[in-house]
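Contents: one structure, followed by commentary.
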Amino acid sequence: MASTNLIGLLLPATGTLSGQWGGAVNNAISQIVDAAVAGTQTISTDADITLTVTEGAYDSTGLTSTSAQYAIIRWTANGTTTRYITAPAQSKTYVVINDTAGSQSIVIRGAGPTTGVTIPAAGRAIVAWTGSDFESVGGGSAAGSDTEVQFNDAGAFGASANLTWDGTTLTSTGFGGPLNGTVGATTPTTGAFTTVTTTSAIEVQYGGTGATSLTANNVLLGNGTSAVQEVAPARLVTSWCLMVQHGHQPPPQLLAYPKPKRQ
């Protein structure tokens, strides 16, 4: 008998189902609507699975372990390999819960197959068919542990112990570029950093010196975007005297310092 395309509701024809209308409405319409609105499809087998729209009859709902009509998909298999849940490529929303006892991610995708949405272990997502694929439309739960900063991980929430924020201090073990270390607390009124600890020199173009240490009392000379140069004060005076003695004009770097007095 005919049924609707999206969730398989029975479409009785006039003059049919004599004496069976009660069973047909209860099983092939009401029970399926119930599952589509609030039912949970629990998947406990660690294997890829394809969901299809099943049809009911006057004496059966027709719902099975691979029916696509359910509102909620809950994954409880225990594994490590990413598994794929393939649903009909048509209008539908799902709440997807990855309750694996293992570490595996699951992917909810459309027949074809499409790319779909990846839900990591312990993750949650609300997905909807957009006309070409299932996409996350929000509702995902936080990933990782307390204080771990959230980021986009293939359409789902991701987190890492390498990037944390406890409300006062932002800590990272892997800043890209020249800043690679721990950034300390900020001054609440200005947002200025109170401490910056790095494991490598901060380059001149990023506001640093390009050096990891400087000799006490030495004079610093600019060197374009390269690391600053250090010169001992005694060498500056000697250079000035030699240039003046030989009738040369000192370079601009030396003109910033007082001319030595002749003895």
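Each chain of the structure tokens is named A, B, ... in the order shown, its residues numbered from 1; ligands are numbered from 1 in display order.
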
task: Quick one: everything within 12 Å of Gly19 of chain A, counting only C-alpha atoms, minus sequence neighbours fewer than 5 positions away in the same chain. Send it as a count of residues only.
output: 4

Who sits within 9 Å of segment 146-150 of chain A, only C-alpha atoms, same chain under 4 positions skipped, as an mmCIF file with all heavy atoms, in the first residue's frame:
data_model
loop_
_atom_site.group_PDB
_atom_site.id
_atom_site.type_symbol
_atom_site.label_atom_id
_atom_site.label_comp_id
_atom_site.auth_asym_id
_atom_site.auth_seq_id
_atom_site.Cartn_x
_atom_site.Cartn_y
_atom_site.Cartn_z
ATOM 1 N N ALA A 142 29.760 20.081 24.743
ATOM 2 C CA ALA A 142 31.171 20.437 24.838
ATOM 3 C C ALA A 142 32.044 19.191 24.786
ATOM 4 O O ALA A 142 31.689 18.141 25.300
ATOM 5 C CB ALA A 142 31.419 21.204 26.135
ATOM 6 N N PHE A 157 32.129 19.962 18.088
ATOM 7 C CA PHE A 157 33.009 20.570 19.070
ATOM 8 C C PHE A 157 34.236 19.694 19.300
ATOM 9 O O PHE A 157 34.131 18.473 19.425
ATOM 10 C CB PHE A 157 32.281 20.761 20.403
ATOM 11 C CG PHE A 157 31.333 21.936 20.419
ATOM 12 C CD1 PHE A 157 29.980 21.744 20.599
ATOM 13 C CD2 PHE A 157 31.809 23.221 20.248
ATOM 14 C CE1 PHE A 157 29.107 22.820 20.614
ATOM 15 C CE2 PHE A 157 30.949 24.308 20.258
ATOM 16 C CZ PHE A 157 29.587 24.105 20.439
ATOM 17 N N GLY A 158 35.399 20.323 19.343
ATOM 18 C CA GLY A 158 36.635 19.639 19.675
ATOM 19 C C GLY A 158 37.319 20.361 20.813
ATOM 20 O O GLY A 158 36.995 21.510 21.126
ATOM 21 N N ALA A 159 38.260 19.708 21.468
ATOM 22 C CA ALA A 159 38.999 20.314 22.574
ATOM 23 C C ALA A 159 40.337 19.609 22.719
ATOM 24 O O ALA A 159 40.525 18.502 22.216
ATOM 25 C CB ALA A 159 38.202 20.227 23.872
ATOM 26 N N SER A 160 41.269 20.270 23.413
ATOM 27 C CA SER A 160 42.589 19.686 23.625
ATOM 28 C C SER A 160 43.148 20.183 24.954
ATOM 29 O O SER A 160 42.967 21.348 25.320
ATOM 30 C CB SER A 160 43.534 20.065 22.485
ATOM 31 O OG SER A 160 44.868 19.687 22.798
ATOM 32 N N ALA A 161 43.851 19.299 25.644
ATOM 33 C CA ALA A 161 44.511 19.677 26.886
ATOM 34 C C ALA A 161 45.665 20.639 26.624
ATOM 35 O O ALA A 161 46.203 21.238 27.566
ATOM 36 C CB ALA A 161 45.030 18.428 27.611
ATOM 37 N N ASN A 162 46.036 20.824 25.355
ATOM 38 C CA ASN A 162 47.123 21.735 25.007
ATOM 39 C C ASN A 162 46.687 23.192 24.931
ATOM 40 O O ASN A 162 47.536 24.071 24.761
ATOM 41 C CB ASN A 162 47.735 21.332 23.662
ATOM 42 C CG ASN A 162 48.423 19.987 23.721
ATOM 43 O OD1 ASN A 162 48.970 19.611 24.747
ATOM 44 N ND2 ASN A 162 48.377 19.252 22.629
ATOM 45 N N LEU A 163 45.370 23.444 25.044
ATOM 46 C CA LEU A 163 44.859 24.816 25.015
ATOM 47 C C LEU A 163 43.752 24.944 26.057
ATOM 48 O O LEU A 163 42.655 24.406 25.875
ATOM 49 C CB LEU A 163 44.327 25.165 23.625
ATOM 50 C CG LEU A 163 43.792 26.588 23.445
ATOM 51 C CD1 LEU A 163 44.904 27.609 23.699
ATOM 52 C CD2 LEU A 163 43.233 26.777 22.037
ATOM 53 N N THR A 164 44.038 25.629 27.155
ATOM 54 C CA THR A 164 43.080 25.727 28.257
ATOM 55 C C THR A 164 42.915 27.169 28.723
ATOM 56 O O THR A 164 43.802 28.003 28.554
ATOM 57 C CB THR A 164 43.534 24.882 29.463
ATOM 58 O OG1 THR A 164 44.801 25.378 29.943
ATOM 59 C CG2 THR A 164 43.691 23.414 29.074
ATOM 60 N N TRP A 165 41.751 27.432 29.338
ATOM 61 C CA TRP A 165 41.443 28.743 29.906
ATOM 62 C C TRP A 165 40.635 28.509 31.183
ATOM 63 O O TRP A 165 39.579 27.894 31.157
ATOM 64 C CB TRP A 165 40.643 29.577 28.915
ATOM 65 C CG TRP A 165 40.032 30.824 29.489
ATOM 66 C CD1 TRP A 165 38.725 31.033 29.818
ATOM 67 C CD2 TRP A 165 40.717 32.038 29.805
ATOM 68 N NE1 TRP A 165 38.548 32.293 30.320
ATOM 69 C CE2 TRP A 165 39.760 32.940 30.327
ATOM 70 C CE3 TRP A 165 42.047 32.442 29.705
ATOM 71 C CZ2 TRP A 165 40.085 34.221 30.739
ATOM 72 C CZ3 TRP A 165 42.368 33.720 30.116
ATOM 73 C CH2 TRP A 165 41.398 34.605 30.615
ATOM 74 N N ASP A 166 41.174 28.968 32.298
ATOM 75 C CA ASP A 166 40.514 28.738 33.578
ATOM 76 C C ASP A 166 39.788 29.962 34.100
ATOM 77 O O ASP A 166 39.410 30.041 35.263
ATOM 78 C CB ASP A 166 41.513 28.241 34.626
ATOM 79 C CG ASP A 166 42.593 29.269 34.934
ATOM 80 O OD1 ASP A 166 42.524 30.398 34.396
ATOM 81 O OD2 ASP A 166 43.506 28.945 35.727
ATOM 82 N N GLY A 167 39.574 30.946 33.216
ATOM 83 C CA GLY A 167 38.926 32.177 33.634
ATOM 84 C C GLY A 167 39.919 33.267 33.980
ATOM 85 O O GLY A 167 39.564 34.443 34.062
#

field: Length of the atom CA of Glu230 of chain A to atom CA of Gly210 of chain A vector [Å]
entry: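 Calculated distance between atom CA of Glu230 of chain A and atom CA of Gly210 of chain A is 11.7 Å.
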
message: Calculated over only C-alpha atoms, which of the candidates A:Val137, A:Val228, A:Ala216, A:Ile49 has the smallest distance to Ile202 of chain A?
response: A:Val228

- prompt: When DSSP works through the backbone of this structure, what residues of segment 91-127 of chain A end up as strand (DSSP E or B), shown as a list in words?
  reply: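 Secondary structure check on segment 91-127 of chain A, strand (DSSP E or B): Thr93, Tyr94, Val95, Val96, Ile97, Asn98, Ile106, Val107, Ile108, Arg109, Gly110, Val117, Thr118, Ile119, Arg124, Ala125, Ile126 and Val127 of chain A.
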
Save out the residues we just selected, N, CA and C atoms, as a PDB file, in the first residue's frame.
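After the write, again.pdb holds the following:
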ATOM      1  N   THR A  93      15.712  15.590  10.176  1.00  0.00           N
ATOM      2  CA  THR A  93      16.607  16.042  11.239  1.00  0.00           C
ATOM      3  C   THR A  93      16.836  14.880  12.195  1.00  0.00           C
ATOM      4  N   TYR A  94      18.021  14.849  12.768  1.00  0.00           N
ATOM      5  CA  TYR A  94      18.366  13.836  13.761  1.00  0.00           C
ATOM      6  C   TYR A  94      19.109  14.487  14.924  1.00  0.00           C
ATOM      7  N   VAL A  95      18.843  13.985  16.114  1.00  0.00           N
ATOM      8  CA  VAL A  95      19.714  14.246  17.253  1.00  0.00           C
ATOM      9  C   VAL A  95      20.615  13.023  17.345  1.00  0.00           C
ATOM     10  N   VAL A  96      21.919  13.233  17.227  1.00  0.00           N
ATOM     11  CA  VAL A  96      22.860  12.119  17.213  1.00  0.00           C
ATOM     12  C   VAL A  96      23.697  12.149  18.496  1.00  0.00           C
ATOM     13  N   ILE A  97      23.712  11.028  19.204  1.00  0.00           N
ATOM     14  CA  ILE A  97      24.425  10.913  20.477  1.00  0.00           C
ATOM     15  C   ILE A  97      25.458   9.803  20.353  1.00  0.00           C
ATOM     16  N   ASN A  98      26.713  10.158  20.528  1.00  0.00           N
ATOM     17  CA  ASN A  98      27.777   9.154  20.476  1.00  0.00           C
ATOM     18  C   ASN A  98      28.133   8.752  21.899  1.00  0.00           C
ATOM     19  N   ILE A 106      31.710   8.716  15.020  1.00  0.00           N
ATOM     20  CA  ILE A 106      30.716   8.234  14.072  1.00  0.00           C
ATOM     21  C   ILE A 106      30.403   9.355  13.092  1.00  0.00           C
ATOM     22  N   VAL A 107      29.991   8.977  11.888  1.00  0.00           N
ATOM     23  CA  VAL A 107      29.660   9.949  10.852  1.00  0.00           C
ATOM     24  C   VAL A 107      28.229   9.691  10.410  1.00  0.00           C
ATOM     25  N   ILE A 108      27.378  10.716  10.502  1.00  0.00           N
ATOM     26  CA  ILE A 108      26.023  10.621   9.978  1.00  0.00           C
ATOM     27  C   ILE A 108      26.041  11.287   8.600  1.00  0.00           C
ATOM     28  N   ARG A 109      25.641  10.537   7.575  1.00  0.00           N
ATOM     29  CA  ARG A 109      25.739  11.036   6.212  1.00  0.00           C
ATOM     30  C   ARG A 109      24.540  10.584   5.397  1.00  0.00           C
ATOM     31  N   GLY A 110      24.387  11.171   4.214  1.00  0.00           N
ATOM     32  CA  GLY A 110      23.306  10.790   3.329  1.00  0.00           C
ATOM     33  C   GLY A 110      23.739   9.716   2.354  1.00  0.00           C
ATOM     34  N   VAL A 117      28.423  14.532   8.802  1.00  0.00           N
ATOM     35  CA  VAL A 117      28.906  15.210  10.011  1.00  0.00           C
ATOM     36  C   VAL A 117      29.560  14.183  10.920  1.00  0.00           C
ATOM     37  N   THR A 118      30.748  14.501  11.410  1.00  0.00           N
ATOM     38  CA  THR A 118      31.469  13.617  12.315  1.00  0.00           C
ATOM     39  C   THR A 118      31.173  13.994  13.766  1.00  0.00           C
ATOM     40  N   ILE A 119      30.805  13.006  14.563  1.00  0.00           N
ATOM     41  CA  ILE A 119      30.544  13.211  15.989  1.00  0.00           C
ATOM     42  C   ILE A 119      31.574  12.405  16.773  1.00  0.00           C
ATOM     43  N   ARG A 124      27.740  15.119  20.894  1.00  0.00           N
ATOM     44  CA  ARG A 124      26.338  15.190  20.524  1.00  0.00           C
ATOM     45  C   ARG A 124      26.185  16.216  19.413  1.00  0.00           C
ATOM     46  N   ALA A 125      25.182  16.029  18.559  1.00  0.00           N
ATOM     47  CA  ALA A 125      24.955  16.984  17.482  1.00  0.00           C
ATOM     48  C   ALA A 125      23.512  16.896  17.014  1.00  0.00           C
ATOM     49  N   ILE A 126      23.021  18.024  16.538  1.00  0.00           N
ATOM     50  CA  ILE A 126      21.741  18.061  15.833  1.00  0.00           C
ATOM     51  C   ILE A 126      22.079  18.296  14.369  1.00  0.00           C
ATOM     52  N   VAL A 127      21.634  17.402  13.506  1.00  0.00           N
ATOM     53  CA  VAL A 127      21.952  17.519  12.086  1.00  0.00           C
ATOM     54  C   VAL A 127      20.669  17.597  11.275  1.00  0.00           C
TER      55      VAL A 127
END

field: Shortest interatomic distance to Ser103 of chain A - which of A:Ala211, A:Ala143, A:Ala71, A:Ala121, counting only C-alpha atoms
entry: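 Closest candidate: A:Ala121.
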
message: Which residue is closest to Gly23 of chain A? Choose from A:Ala35, A:Ser60, A:Thr50, A:Ala2 and count only C-alpha atoms.
response: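 Comparing A:Ala35, A:Ser60, A:Thr50, A:Ala2 against Gly23 of chain A, the winner is A:Ser60.
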